[in-house]
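Here's final39.txt, which has compact mmCIF, C-alpha atoms:
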```txt
# COMPACT_ATOMS: atom_id res chain seq x y z
CA VAL A 250 21.72 -54.26 8.29
CA GLY A 251 23.46 -54.20 4.91
CA GLY A 252 23.10 -56.76 2.16
CA ALA A 253 26.21 -55.96 0.11
CA GLY A 254 27.89 -59.10 -1.15
CA HIS A 255 24.61 -61.05 -1.28
CA GLU A 256 23.24 -59.47 -4.47
CA SER A 257 23.30 -62.74 -6.42
CA SER A 258 20.35 -64.02 -4.41
CA ALA A 259 18.19 -61.73 -6.57
CA VAL A 260 18.72 -64.11 -9.50
CA LEU A 261 16.64 -66.74 -7.69
CA ALA A 262 13.53 -64.58 -8.08
CA ASP A 263 13.40 -65.33 -11.83
CA HIS A 264 12.82 -69.01 -11.05
CA LEU A 265 10.10 -68.51 -8.44
CA GLY A 266 6.39 -67.98 -8.97
CA PRO A 267 3.70 -66.12 -7.02
CA GLN A 268 2.72 -69.43 -5.38
CA ASP A 269 6.11 -69.84 -3.67
CA TRP A 270 6.90 -68.80 -0.09
CA LEU A 271 10.11 -67.13 1.10
CA HIS A 272 11.56 -67.27 4.63
CA LEU A 273 14.67 -65.17 4.12
CA HIS A 274 18.00 -64.22 5.64
CA TYR A 275 18.29 -60.69 7.00
CA ARG A 276 20.85 -59.81 4.30
CA ASP A 277 18.61 -60.94 1.40
CA LYS A 278 17.72 -57.35 0.50
CA ALA A 279 18.39 -57.91 -3.21
CA LEU A 280 16.09 -60.93 -3.33
CA MET A 281 13.35 -59.01 -1.52
CA LEU A 282 13.57 -56.21 -4.07
CA ALA A 283 13.57 -58.70 -6.94
CA ARG A 284 10.51 -60.36 -5.43
CA GLY A 285 8.69 -57.02 -5.64
CA LEU A 286 9.10 -55.46 -2.20
CA ALA A 287 8.88 -51.70 -2.65
CA VAL A 288 12.00 -49.67 -1.86
CA GLU A 289 9.86 -47.35 0.26
CA GLN A 290 9.16 -50.21 2.67
CA PHE A 291 12.81 -50.32 3.70
CA PHE A 292 12.57 -46.67 4.75
CA HIS A 293 9.18 -47.07 6.43
CA SER A 294 10.59 -50.04 8.33
CA SER A 295 13.76 -48.17 9.36
CA LEU A 296 11.69 -45.22 10.64
CA CYS A 297 8.99 -47.48 12.18
CA THR A 298 6.20 -45.54 10.52
CA ALA A 299 2.54 -46.52 10.43
CA ALA A 300 2.95 -47.27 6.71
CA SER A 301 5.52 -50.01 7.36
CA HIS A 302 4.71 -53.70 6.96
CA SER A 303 4.14 -54.02 10.71
CA GLY A 304 2.73 -50.57 11.44
CA GLY A 305 6.00 -49.71 13.17
CA ARG A 306 5.71 -52.57 15.67
CA GLN A 307 8.66 -54.74 14.56
CA MET A 308 12.41 -54.21 14.49
CA SER A 309 13.47 -52.30 11.39
CA ALA A 310 15.37 -55.24 9.82
CA HIS A 311 12.49 -57.71 10.22
CA LEU A 312 10.65 -56.98 7.00
CA SER A 313 7.79 -58.99 5.56
CA ALA A 314 5.35 -58.80 2.66
CA PRO A 315 2.28 -61.04 3.09
CA ASP A 316 0.98 -60.26 -0.42
CA LEU A 317 4.30 -61.47 -1.88
CA LYS A 318 4.48 -64.48 0.46
CA VAL A 319 7.63 -63.09 2.10
CA LEU A 320 7.38 -64.23 5.71
CA SER A 321 8.56 -62.06 8.59
CA LEU A 322 12.31 -62.17 9.07
CA VAL A 323 13.34 -63.65 12.40
CA GLY A 324 15.53 -62.11 15.08
CA PRO A 325 17.36 -65.19 16.37
CA VAL A 326 18.94 -66.56 13.21
CA GLY A 327 17.92 -70.13 12.46
CA ASN A 328 14.40 -69.76 13.83
CA ASN A 329 13.10 -69.59 10.28
CA ALA A 330 14.21 -73.16 9.44
CA LEU A 331 11.55 -74.99 11.44
CA GLN A 332 8.97 -72.37 10.50
CA ALA A 333 9.76 -72.86 6.79
CA VAL A 334 9.33 -76.62 7.17
CA GLY A 335 5.98 -76.00 8.89
CA VAL A 336 4.84 -73.87 5.95
CA ALA A 337 5.88 -76.64 3.56
CA GLN A 338 3.87 -79.18 5.58
CA GLN A 339 0.77 -76.99 5.33
CA ILE A 340 1.31 -76.54 1.59
CA ARG A 341 1.47 -80.29 1.13
CA ALA A 342 -1.67 -80.78 3.23
CA GLU A 343 -3.68 -78.15 1.33
CA SER A 344 -2.67 -79.15 -2.20
CA PRO A 345 -1.66 -82.83 -2.25
CA SER A 346 -2.71 -83.32 -5.87
CA THR A 347 -1.32 -80.11 -7.34
CA SER A 348 0.81 -80.56 -10.45
CA ARG A 349 4.44 -80.56 -9.36
CA LEU A 350 5.29 -78.18 -12.21
CA SER A 351 3.17 -75.49 -10.55
CA ALA A 352 3.25 -76.69 -6.94
CA PRO A 353 4.55 -74.13 -4.45
CA LEU A 354 7.86 -74.52 -2.68
CA VAL A 355 9.44 -72.78 0.31
CA VAL A 356 12.79 -71.01 0.20
CA CYS A 357 14.57 -71.09 3.56
CA SER A 358 17.58 -68.77 3.45
CA LEU A 359 20.32 -69.11 6.07
CA GLY A 360 23.83 -67.98 6.85
CA ASP A 361 26.71 -70.44 7.08
CA GLY A 362 27.09 -69.91 10.82
CA THR A 363 23.38 -70.53 11.35
CA THR A 364 23.61 -73.99 9.80
CA GLN A 365 25.51 -75.17 12.89
CA GLN A 366 22.42 -74.75 15.08
CA GLY A 367 20.44 -77.77 16.21
CA GLU A 368 17.07 -76.43 15.09
CA VAL A 369 18.40 -76.06 11.54
CA LEU A 370 19.59 -79.67 11.48
CA GLU A 371 16.22 -80.72 12.93
CA ALA A 372 14.39 -78.81 10.19
CA ILE A 373 16.46 -80.41 7.45
CA ALA A 374 15.90 -83.87 8.92
CA GLU A 375 12.12 -83.36 9.07
CA SER A 376 12.00 -82.02 5.51
CA VAL A 377 13.75 -85.20 4.36
CA ARG A 378 11.54 -87.51 6.43
CA ALA A 379 8.33 -85.93 5.10
CA ARG A 380 9.75 -85.20 1.62
CA LEU A 381 8.74 -81.55 1.80
CA PRO A 382 9.39 -78.98 -0.98
CA VAL A 383 11.97 -76.84 0.79
CA LEU A 384 15.00 -75.21 -0.76
CA PHE A 385 17.63 -74.48 1.89
CA LEU A 386 19.69 -71.57 0.57
CA VAL A 387 22.94 -71.07 2.49
CA ALA A 388 24.78 -67.78 2.01
CA ASP A 389 28.37 -68.69 2.82
CA ASN A 390 30.87 -65.90 3.39
CA GLY A 391 33.12 -68.10 5.54
CA LEU A 392 32.27 -66.26 8.75
CA ALA A 393 29.78 -66.74 11.57
CA ILE A 394 29.90 -63.22 13.07
CA SER A 395 33.12 -63.90 14.96
CA THR A 396 34.37 -67.35 13.94
CA ARG A 397 35.47 -69.09 10.77
CA THR A 398 33.09 -71.73 9.43
CA ARG A 399 35.33 -73.78 7.15
CA GLY A 400 35.11 -77.43 8.14
CA GLN A 401 32.40 -76.65 10.72
CA THR A 402 29.16 -77.10 8.77
CA PHE A 403 27.06 -79.98 7.40
CA TYR A 404 28.20 -79.17 3.85
CA ASP A 405 31.85 -78.47 4.70
CA LEU A 406 33.18 -81.23 6.95
CA PRO A 407 36.60 -81.46 8.59
CA SER A 408 37.41 -84.06 5.93
CA GLY A 409 36.34 -81.76 3.08
CA PRO A 410 33.23 -80.63 1.17
CA ALA A 411 30.16 -82.90 1.38
CA SER A 412 27.99 -83.73 -1.63
CA GLU A 413 24.84 -84.54 0.34
CA PHE A 414 23.31 -84.38 3.81
CA TYR A 415 20.55 -86.75 4.97
CA GLY A 416 20.17 -87.58 1.29
CA ILE A 417 19.69 -83.94 0.25
CA PRO A 418 21.93 -83.07 -2.71
CA ILE A 419 24.17 -80.07 -2.04
CA GLN A 420 24.68 -77.72 -4.98
CA ARG A 421 27.47 -75.13 -4.87
CA LEU A 422 27.04 -71.78 -6.60
CA ASN A 423 29.48 -68.91 -6.98
CA GLY A 424 27.50 -65.99 -5.59
CA ARG A 425 30.25 -63.63 -6.69
CA ASP A 426 29.21 -64.32 -10.28
CA PRO A 427 25.46 -63.59 -10.66
CA VAL A 428 25.46 -64.46 -14.37
CA ALA A 429 26.70 -67.98 -13.63
CA CYS A 430 23.97 -68.38 -10.97
CA VAL A 431 21.11 -67.95 -13.45
CA GLY A 432 21.15 -71.47 -14.88
CA ALA A 433 22.34 -73.06 -11.63
CA PHE A 434 19.39 -71.67 -9.65
CA GLY A 435 17.03 -72.94 -12.33
CA GLU A 436 18.33 -76.49 -11.95
CA VAL A 437 18.11 -76.37 -8.16
CA VAL A 438 14.54 -75.07 -8.17
CA ALA A 439 13.53 -77.73 -10.70
CA THR A 440 14.95 -80.40 -8.39
CA VAL A 441 12.69 -79.21 -5.56
CA ARG A 442 9.59 -78.55 -7.66
CA VAL A 443 9.79 -81.78 -9.67
CA PRO A 444 11.19 -84.41 -7.25
CA GLU A 445 11.33 -87.01 -10.03
CA LEU A 446 14.55 -85.26 -11.07
CA GLN A 447 16.01 -86.36 -7.73
CA PRO A 448 14.05 -89.48 -6.63
CA ALA A 449 15.67 -89.77 -3.21
CA THR A 450 14.29 -86.46 -1.92
CA SER A 451 12.03 -83.54 -2.78
CA ASN A 452 14.25 -80.83 -1.35
CA ALA A 453 17.72 -79.45 -1.93
CA ALA A 454 20.46 -77.38 -0.34
CA ALA A 455 22.21 -74.66 -2.34
CA ASN A 456 25.47 -73.36 -0.91
CA ILE A 457 26.05 -69.97 -2.50
CA MET A 458 29.47 -68.43 -1.92
CA THR A 459 29.18 -64.76 -0.98
CA SER A 460 31.35 -61.91 0.30
CA ARG A 461 30.80 -59.96 3.48
CA CYS A 462 31.11 -56.38 2.29
CA THR A 463 29.61 -54.77 5.38
CA PRO A 464 31.09 -54.79 8.89
CA GLN A 465 29.67 -56.82 11.76
CA ALA A 466 30.65 -57.57 15.35
CA CYS A 467 33.91 -59.51 15.28
CA ARG A 468 36.35 -60.97 17.74
CA SER A 469 39.91 -59.70 17.73
CA ASP A 470 41.24 -62.96 16.26
CA VAL A 471 38.92 -62.69 13.23
CA PRO A 472 39.29 -59.06 12.18
CA ILE A 473 37.24 -57.57 9.36
CA THR A 474 39.12 -54.39 8.59
CA SER A 475 38.19 -51.69 6.12
CA ARG A 476 40.94 -53.03 3.86
CA GLY A 477 39.49 -56.52 4.10
CA CYS A 478 36.01 -55.24 3.28
CA ALA A 479 37.42 -53.38 0.31
CA SER A 480 39.13 -56.49 -1.06
CA ARG A 481 35.92 -58.48 -0.60
CA SER A 482 34.00 -55.73 -2.40
CA VAL A 483 36.34 -56.06 -5.37
CA ARG A 484 35.61 -59.80 -5.50
CA GLY A 485 31.90 -59.27 -4.86
CA PRO A 486 29.08 -59.65 -7.37
CA ARG A 487 28.59 -56.01 -8.39
CA PRO A 488 32.05 -55.51 -9.94
CA ARG A 489 31.60 -58.73 -11.91
CA VAL A 490 28.26 -57.55 -13.24
CA ARG A 491 29.80 -54.22 -14.24
CA ARG A 492 32.65 -55.99 -16.03
CA SER A 493 30.20 -58.35 -17.76
CA ARG A 494 28.07 -55.44 -18.92
CA ALA A 495 31.16 -53.58 -20.09
CA ARG A 496 32.22 -56.59 -22.16
CA THR A 497 28.71 -56.95 -23.56
CA ASP A 498 28.48 -53.24 -24.39
CA GLY A 499 31.96 -53.35 -25.92
CA CYS A 500 31.03 -56.32 -28.11
CA ARG A 501 27.79 -54.58 -29.10
CA ARG A 502 29.66 -51.42 -30.09
CA THR A 503 32.17 -53.48 -32.06
CA ARG A 504 29.39 -55.32 -33.90
CA CYS A 505 27.63 -52.02 -34.66
CA ALA A 506 30.87 -50.53 -36.01
CA ARG A 507 31.47 -53.56 -38.21
CA THR A 508 27.89 -53.47 -39.49
CA ALA A 509 28.20 -49.78 -40.26
CA ALA A 510 31.48 -50.37 -42.09
CA ARG A 511 29.93 -53.15 -44.18
CA GLY A 512 26.97 -50.90 -44.95
CA ALA A 513 29.27 -48.10 -46.05
CA ARG A 514 31.18 -50.43 -48.36
CA THR A 515 27.94 -51.74 -49.82
CA ARG A 516 26.57 -48.25 -50.47
CA ALA A 517 29.84 -46.94 -51.98
CA PRO A 518 29.70 -46.85 -55.84
CA ARG A 519 32.05 -49.10 -57.74
CA GLY A 520 35.29 -47.44 -58.66
CA GLY A 521 35.40 -45.47 -55.45
CA VAL A 522 33.87 -42.21 -54.33
CA ARG A 523 33.88 -39.47 -57.00
```
Could I get this structure in the form of structure tokens?
Amino acid sequence: VGGAGHESSAVLADHLGPQDWLHLHYRDKALMLARGLAVEQFFHSSLCTAASHSGGRQMSAHLSAPDLKVLSLVGPVGNNALQAVGVAQQIRAESPSTSRLSAPLVVCSLGDGTTQQGEVLEAIAESVRARLPVLFLVADNGLAISTRTRGQTFYDLPSGPASEFYGIPIQRLNGRDPVACVGAFGEVVATVRVPELQPATSNAAANIMTSRCTPQACRSDVPITSRGCASRSVRGPRPRVRRSRARTDGCRRTRCARTAARGARTRAPRGGVR
């Protein structure tokens, strides 16, 4: 299962520590790599070898890394929501007096279609009731396999976008611009880790806009054609990163040229070169 279009999730890794737990979406390949999962594990998992995370006993897409606190990816999407809340409850029970600046949190990553499931809503409600340190990360590409999700989720109502749900603040990030996500992810994580920044709750929901750049089963009335995938790829995060790097490299080259020119003028003897 591809993860193209979801690369911006990798930025979140910079704001997490070794004490944090991750219950991820099956397309969060970039975040898994940024967390430290070895590339070889993706191949071991695909080939179901004895060296894979499960000794070849799990489906190839259901990776995990116990040493990195990356929990096993679930098959039925949405199952990870209640499990993530359970992990957060155990964290709170084991370290009630831990400094909030270093206290662990749980990242629960979901797709926009998954958020319509009852067990997801139940998990969010319980995390609010118990004030648990859970960050619900919703990768929103506007599609739930075969249906559109606009106006069908807890953060996007028929009446328009919502700013909160059960008291949880909803932050919106442009996942097609990884550079812009750096500071935004930092603020969201701080809200969960230090609840005093958001007194009403100790959790948060981040809605990160993504692009589906890989095909998936679709109904005839919601076609994802090769042309559509290509246009989404153009708007995806990787081209933006390339353009940003090109601008940065261009500015660096310009600055170097100007510095060299100033140096040449400084070294040149008065009255010109003889």
Provide the CA of Ala259 in chain A to CA of Ala279 in chain A distance in Å, to one decimal place.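 CA of Ala259 in chain A sits 5.1 Å away from CA of Ala279 in chain A.
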Using all atoms listed in the file, what does the table of range 330-413 of chain A residues within 12 Å of range 260-266 of chain A look like, with each row giving the shortest atom pair and its distance in Å to one decimal, sorted by chain and ascending number, as a tab-separated table?
```
residue	atom	partner	partner_atom	distance
A:Leu350	CA	A:Gly266	CA	10.8
A:Ser351	CA	A:Gly266	CA	8.3
A:Ala352	CA	A:Gly266	CA	9.5
A:Pro353	CA	A:Gly266	CA	7.9
A:Leu354	CA	A:Leu265	CA	8.6
A:Val355	CA	A:Leu265	CA	9.8
A:Val356	CA	A:Leu265	CA	9.4
A:Ser358	CA	A:Leu261	CA	11.4
A:Leu384	CA	A:Leu261	CA	11.1
A:Leu386	CA	A:Leu261	CA	10.0
```
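Between Trp270 in chain A and the residues A:His311, A:Arg425, A:Lys318, A:Arg397, the shortest atom-to-atom distance, using all atoms listed in the file, involves A:Lys318.
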Just give me the gap between CA of Cys430 in chain A and CA of Asn390 in chain A in Å, one decimal is fine.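 If I compute the distance from CA of Cys430 in chain A to CA of Asn390 in chain A, I get 16.1 Å.
As for CA of Pro382 in chain A and CA of Glu436 in chain A, they are spaced 14.4 Å apart.
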Quick one: of A:Pro325, A:Leu381, A:Ser258, A:Val369, who's nearest to Gln339 in chain A, counting only C-alpha atoms?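 Using only C-alpha atoms, Gln339 in chain A sits closest to A:Leu381.
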Measuring between only C-alpha atoms, which one of A:Gln366, A:Ser408, A:Ser257, A:Thr396 shows the shortest distance to Asp426 in chain A? A:Ser257
